[in-house]
Amino acid sequence: MQILRASEDYLETMLMMQQQHGYIRSIDVAEHLGVTKPSVTYATKRLRENGYITMDKDGLITLTASGMAIAENMLDRHHTLTRFLIALGVDAATAEADACKIEHDISQKTFDAICAHAKAHL
């Protein structure tokens, strides 16, 4: 299933919030992504409708199995690409920002080739 880049960002951020805080709140997602609370409200509605998250009566967000799979994939790509770029000599801040851009756009085939190259040469 094709998922929008913004949805991937939201799910990835939600996983990071869960790992950091043990819970996921819309306000934390908004703060991390630098977006407004209404933007998060709209995004979470769409993510709920597509079965990627659930929300309890207190507004705490939980990733469903399909949401978690996407989030874990994006976070793995992000960390792997960040490490790869740093190994190439890119400073950490730039590597982090560029990895965030690259992770959405490269194919799985290219990502696998980067991983294989990094494993063999770094």
# chains A, B, ... in the order shown; residues from 1 in each chain; ligands from 1
$ residues_around --residues "Leu47 (chain A)" --least-positions-apart "4" --cutoff "12 Å" --atoms "only C-alpha atoms" --output "PyMOL selection string"
chain A and resi 3-4+6-11+14+40-43+51-55+61-64+66-68+70
$ select_by_dssp --residues "region 38-88 of chain A" --states "strand (DSSP E or B)" --output "ChimeraX atom specification"
/A:53-55,61-63
$ residues_around --residues "region 75-90 of chain A" --least-positions-apart "2" --cutoff "8 Å" --atoms "only C-alpha atoms" --output "number ranges by chain"
A: 12, 71-73, 92, 94-96, 98-100, 102-103, 111, 115, 118, 122
$ write_last_selection --atoms "N, CA, C and O atoms" --output "tab-separated table (two decimals), in the first residue's frame"
chain	number	residue	atom	x	y	z
A	12	GLU	N	6.71	7.78	11.98
A	12	GLU	CA	8.08	7.69	12.48
A	12	GLU	C	8.24	8.52	13.76
A	12	GLU	O	8.82	8.06	14.74
A	71	ALA	N	6.42	2.68	10.69
A	71	ALA	CA	7.24	3.53	11.56
A	71	ALA	C	8.62	2.92	11.78
A	71	ALA	O	9.64	3.62	11.70
A	72	GLU	N	8.66	1.63	12.05
A	72	GLU	CA	9.95	0.96	12.27
A	72	GLU	C	10.81	0.99	11.01
A	72	GLU	O	12.02	1.20	11.08
A	73	ASN	N	10.19	0.78	9.86
A	73	ASN	CA	10.91	0.81	8.60
A	73	ASN	C	11.51	2.19	8.36
A	73	ASN	O	12.68	2.32	8.00
A	92	ALA	N	27.13	15.67	11.56
A	92	ALA	CA	25.97	14.99	12.13
A	92	ALA	C	24.65	15.71	11.86
A	92	ALA	O	23.65	15.08	11.50
A	94	THR	N	23.84	17.86	9.45
A	94	THR	CA	23.49	17.77	8.03
A	94	THR	C	23.08	16.36	7.65
A	94	THR	O	22.11	16.15	6.92
A	95	ALA	N	23.81	15.38	8.17
A	95	ALA	CA	23.49	13.98	7.89
A	95	ALA	C	22.08	13.65	8.37
A	95	ALA	O	21.31	12.98	7.66
A	96	GLU	N	21.73	14.12	9.56
A	96	GLU	CA	20.39	13.88	10.13
A	96	GLU	C	19.31	14.50	9.23
A	96	GLU	O	18.32	13.84	8.90
A	98	ASP	N	19.55	15.44	6.02
A	98	ASP	CA	19.53	14.83	4.69
A	98	ASP	C	18.94	13.42	4.73
A	98	ASP	O	18.21	13.03	3.81
A	99	ALA	N	19.24	12.67	5.76
A	99	ALA	CA	18.67	11.32	5.89
A	99	ALA	C	17.16	11.38	5.93
A	99	ALA	O	16.48	10.54	5.33
A	100	CYS	N	16.63	12.39	6.61
A	100	CYS	CA	15.18	12.56	6.70
A	100	CYS	C	14.57	12.78	5.33
A	100	CYS	O	13.47	12.31	5.04
A	102	ILE	N	16.09	11.83	2.33
A	102	ILE	CA	16.40	10.69	1.47
A	102	ILE	C	15.54	9.47	1.80
A	102	ILE	O	15.12	8.75	0.89
A	103	GLU	N	15.28	9.24	3.08
A	103	GLU	CA	14.60	8.01	3.51
A	103	GLU	C	13.27	7.77	2.81
A	103	GLU	O	12.86	6.63	2.64
A	111	PHE	N	18.26	1.38	-1.21
A	111	PHE	CA	18.54	1.31	0.22
A	111	PHE	C	19.32	0.03	0.54
A	111	PHE	O	20.31	0.08	1.29
A	115	CYS	N	23.11	-0.28	2.14
A	115	CYS	CA	23.39	-1.12	3.31
A	115	CYS	C	24.50	-2.13	3.02
A	115	CYS	O	25.40	-2.32	3.84
A	118	ALA	N	27.84	-0.26	2.74
A	118	ALA	CA	28.30	0.17	4.07
A	118	ALA	C	28.83	-1.00	4.86
A	118	ALA	O	29.90	-0.90	5.51
A	122	LEU	N	32.57	-0.05	5.36
A	122	LEU	CA	32.68	0.88	6.50
A	122	LEU	C	32.83	0.16	7.82
A	122	LEU	O	32.57	-0.94	8.01
$ atom_distance --atom1 "CA of Leu60 (chain A)" --atom2 "CA of Tyr23 (chain A)"
6.9 Å
$ closest_residue --among "A:Ile27, A:Ala69, A:Ala113, A:Leu15" --to "Ser39 (chain A)" --atoms "only C-alpha atoms"
A:Ile27
$ residues_around --residues "Pro38 (chain A)" --least-positions-apart "6" --cutoff "10 Å" --atoms "only C-alpha atoms" --output "mmCIF file with C-alpha atoms, in the first residue's frame"
data_model
loop_
_atom_site.group_PDB
_atom_site.id
_atom_site.type_symbol
_atom_site.label_atom_id
_atom_site.label_comp_id
_atom_site.auth_asym_id
_atom_site.auth_seq_id
_atom_site.Cartn_x
_atom_site.Cartn_y
_atom_site.Cartn_z
ATOM 1 C CA SER A 26 -0.406 14.861 19.729
ATOM 2 C CA ILE A 27 1.252 17.908 21.289
ATOM 3 C CA ALA A 30 3.386 18.698 16.770
ATOM 4 C CA THR A 44 -4.184 11.614 13.199
#
$ decode --residues "region 66-97 of chain A" --atoms "N, CA, C and O atoms" --output "mmCIF file, in the first residue's frame"
data_model
loop_
_atom_site.group_PDB
_atom_site.id
_atom_site.type_symbol
_atom_site.label_atom_id
_atom_site.label_comp_id
_atom_site.auth_asym_id
_atom_site.auth_seq_id
_atom_site.Cartn_x
_atom_site.Cartn_y
_atom_site.Cartn_z
ATOM 1 N N SER A 66 0.151 -2.380 11.603
ATOM 2 C CA SER A 66 0.545 -1.839 10.302
ATOM 3 C C SER A 66 1.236 -0.486 10.460
ATOM 4 O O SER A 66 2.203 -0.191 9.749
ATOM 5 N N GLY A 67 0.778 0.342 11.385
ATOM 6 C CA GLY A 67 1.431 1.622 11.647
ATOM 7 C C GLY A 67 2.822 1.433 12.205
ATOM 8 O O GLY A 67 3.770 2.136 11.822
ATOM 9 N N MET A 68 2.977 0.461 13.090
ATOM 10 C CA MET A 68 4.283 0.166 13.688
ATOM 11 C C MET A 68 5.259 -0.331 12.627
ATOM 12 O O MET A 68 6.432 0.055 12.629
ATOM 13 N N ALA A 69 4.796 -1.159 11.713
ATOM 14 C CA ALA A 69 5.672 -1.682 10.658
ATOM 15 C C ALA A 69 6.225 -0.546 9.804
ATOM 16 O O ALA A 69 7.423 -0.510 9.504
ATOM 17 N N ILE A 70 5.373 0.390 9.434
ATOM 18 C CA ILE A 70 5.825 1.531 8.637
ATOM 19 C C ILE A 70 6.776 2.399 9.453
ATOM 20 O O ILE A 70 7.839 2.805 8.971
ATOM 21 N N ALA A 71 6.416 2.679 10.689
ATOM 22 C CA ALA A 71 7.242 3.527 11.556
ATOM 23 C C ALA A 71 8.619 2.917 11.776
ATOM 24 O O ALA A 71 9.637 3.617 11.697
ATOM 25 N N GLU A 72 8.664 1.629 12.052
ATOM 26 C CA GLU A 72 9.954 0.963 12.272
ATOM 27 C C GLU A 72 10.809 0.987 11.014
ATOM 28 O O GLU A 72 12.025 1.200 11.082
ATOM 29 N N ASN A 73 10.186 0.776 9.864
ATOM 30 C CA ASN A 73 10.908 0.811 8.599
ATOM 31 C C ASN A 73 11.508 2.193 8.356
ATOM 32 O O ASN A 73 12.681 2.320 7.998
ATOM 33 N N MET A 74 10.710 3.235 8.567
ATOM 34 C CA MET A 74 11.200 4.592 8.334
ATOM 35 C C MET A 74 12.291 4.966 9.338
ATOM 36 O O MET A 74 13.290 5.581 8.964
ATOM 37 N N LEU A 75 12.131 4.584 10.581
ATOM 38 C CA LEU A 75 13.141 4.911 11.591
ATOM 39 C C LEU A 75 14.439 4.164 11.312
ATOM 40 O O LEU A 75 15.533 4.732 11.446
ATOM 41 N N ASP A 76 14.344 2.912 10.870
ATOM 42 C CA ASP A 76 15.540 2.152 10.505
ATOM 43 C C ASP A 76 16.247 2.807 9.321
ATOM 44 O O ASP A 76 17.469 2.973 9.346
ATOM 45 N N ARG A 77 15.496 3.188 8.308
ATOM 46 C CA ARG A 77 16.086 3.875 7.159
ATOM 47 C C ARG A 77 16.779 5.159 7.619
ATOM 48 O O ARG A 77 17.894 5.453 7.193
ATOM 49 N N HIS A 78 16.098 5.904 8.469
ATOM 50 C CA HIS A 78 16.639 7.183 8.948
ATOM 51 C C HIS A 78 17.970 6.978 9.671
ATOM 52 O O HIS A 78 18.964 7.641 9.365
ATOM 53 N N HIS A 79 17.990 6.051 10.625
ATOM 54 C CA HIS A 79 19.223 5.804 11.385
ATOM 55 C C HIS A 79 20.341 5.272 10.490
ATOM 56 O O HIS A 79 21.491 5.701 10.606
ATOM 57 N N THR A 80 19.999 4.348 9.609
ATOM 58 C CA THR A 80 21.003 3.764 8.715
ATOM 59 C C THR A 80 21.598 4.819 7.789
ATOM 60 O O THR A 80 22.825 4.908 7.633
ATOM 61 N N LEU A 81 20.742 5.614 7.187
ATOM 62 C CA LEU A 81 21.222 6.647 6.269
ATOM 63 C C LEU A 81 22.022 7.720 7.000
ATOM 64 O O LEU A 81 23.024 8.212 6.475
ATOM 65 N N THR A 82 21.601 8.074 8.203
ATOM 66 C CA THR A 82 22.355 9.055 8.995
ATOM 67 C C THR A 82 23.755 8.539 9.268
ATOM 68 O O THR A 82 24.743 9.255 9.051
ATOM 69 N N ARG A 83 23.865 7.287 9.725
ATOM 70 C CA ARG A 83 25.188 6.698 9.995
ATOM 71 C C ARG A 83 26.036 6.633 8.727
ATOM 72 O O ARG A 83 27.232 6.907 8.756
ATOM 73 N N PHE A 84 25.420 6.270 7.615
ATOM 74 C CA PHE A 84 26.133 6.170 6.343
ATOM 75 C C PHE A 84 26.693 7.535 5.933
ATOM 76 O O PHE A 84 27.860 7.650 5.556
ATOM 77 N N LEU A 85 25.875 8.558 6.014
ATOM 78 C CA LEU A 85 26.326 9.899 5.629
ATOM 79 C C LEU A 85 27.426 10.412 6.556
ATOM 80 O O LEU A 85 28.386 11.035 6.098
ATOM 81 N N ILE A 86 27.318 10.132 7.833
ATOM 82 C CA ILE A 86 28.368 10.525 8.774
ATOM 83 C C ILE A 86 29.674 9.804 8.425
ATOM 84 O O ILE A 86 30.747 10.404 8.449
ATOM 85 N N ALA A 87 29.565 8.517 8.077
ATOM 86 C CA ALA A 87 30.757 7.751 7.693
ATOM 87 C C ALA A 87 31.413 8.328 6.439
ATOM 88 O O ALA A 87 32.627 8.204 6.260
ATOM 89 N N LEU A 88 30.628 8.976 5.597
ATOM 90 C CA LEU A 88 31.168 9.615 4.399
ATOM 91 C C LEU A 88 31.817 10.967 4.700
ATOM 92 O O LEU A 88 32.397 11.579 3.813
ATOM 93 N N GLY A 89 31.683 11.419 5.951
ATOM 94 C CA GLY A 89 32.298 12.682 6.342
ATOM 95 C C GLY A 89 31.337 13.847 6.477
ATOM 96 O O GLY A 89 31.759 14.978 6.718
ATOM 97 N N VAL A 90 30.048 13.596 6.333
ATOM 98 C CA VAL A 90 29.048 14.647 6.503
ATOM 99 C C VAL A 90 28.877 14.905 7.996
ATOM 100 O O VAL A 90 28.847 13.964 8.791
ATOM 101 N N ASP A 91 28.784 16.186 8.386
ATOM 102 C CA ASP A 91 28.590 16.487 9.805
ATOM 103 C C ASP A 91 27.238 15.941 10.275
ATOM 104 O O ASP A 91 26.315 15.753 9.473
ATOM 105 N N ALA A 92 27.130 15.669 11.565
ATOM 106 C CA ALA A 92 25.967 14.987 12.131
ATOM 107 C C ALA A 92 24.652 15.713 11.858
ATOM 108 O O ALA A 92 23.650 15.083 11.498
ATOM 109 N N ALA A 93 24.625 17.033 12.013
ATOM 110 C CA ALA A 93 23.379 17.780 11.817
ATOM 111 C C ALA A 93 22.913 17.705 10.365
ATOM 112 O O ALA A 93 21.719 17.489 10.092
ATOM 113 N N THR A 94 23.841 17.858 9.448
ATOM 114 C CA THR A 94 23.489 17.775 8.027
ATOM 115 C C THR A 94 23.084 16.358 7.654
ATOM 116 O O THR A 94 22.110 16.155 6.920
ATOM 117 N N ALA A 95 23.813 15.376 8.168
ATOM 118 C CA ALA A 95 23.489 13.977 7.891
ATOM 119 C C ALA A 95 22.080 13.648 8.372
ATOM 120 O O ALA A 95 21.313 12.982 7.661
ATOM 121 N N GLU A 96 21.725 14.116 9.556
ATOM 122 C CA GLU A 96 20.392 13.881 10.133
ATOM 123 C C GLU A 96 19.311 14.497 9.233
ATOM 124 O O GLU A 96 18.320 13.842 8.899
ATOM 125 N N ALA A 97 19.515 15.740 8.833
ATOM 126 C CA ALA A 97 18.527 16.433 7.995
ATOM 127 C C ALA A 97 18.412 15.779 6.615
ATOM 128 O O ALA A 97 17.301 15.583 6.100
#
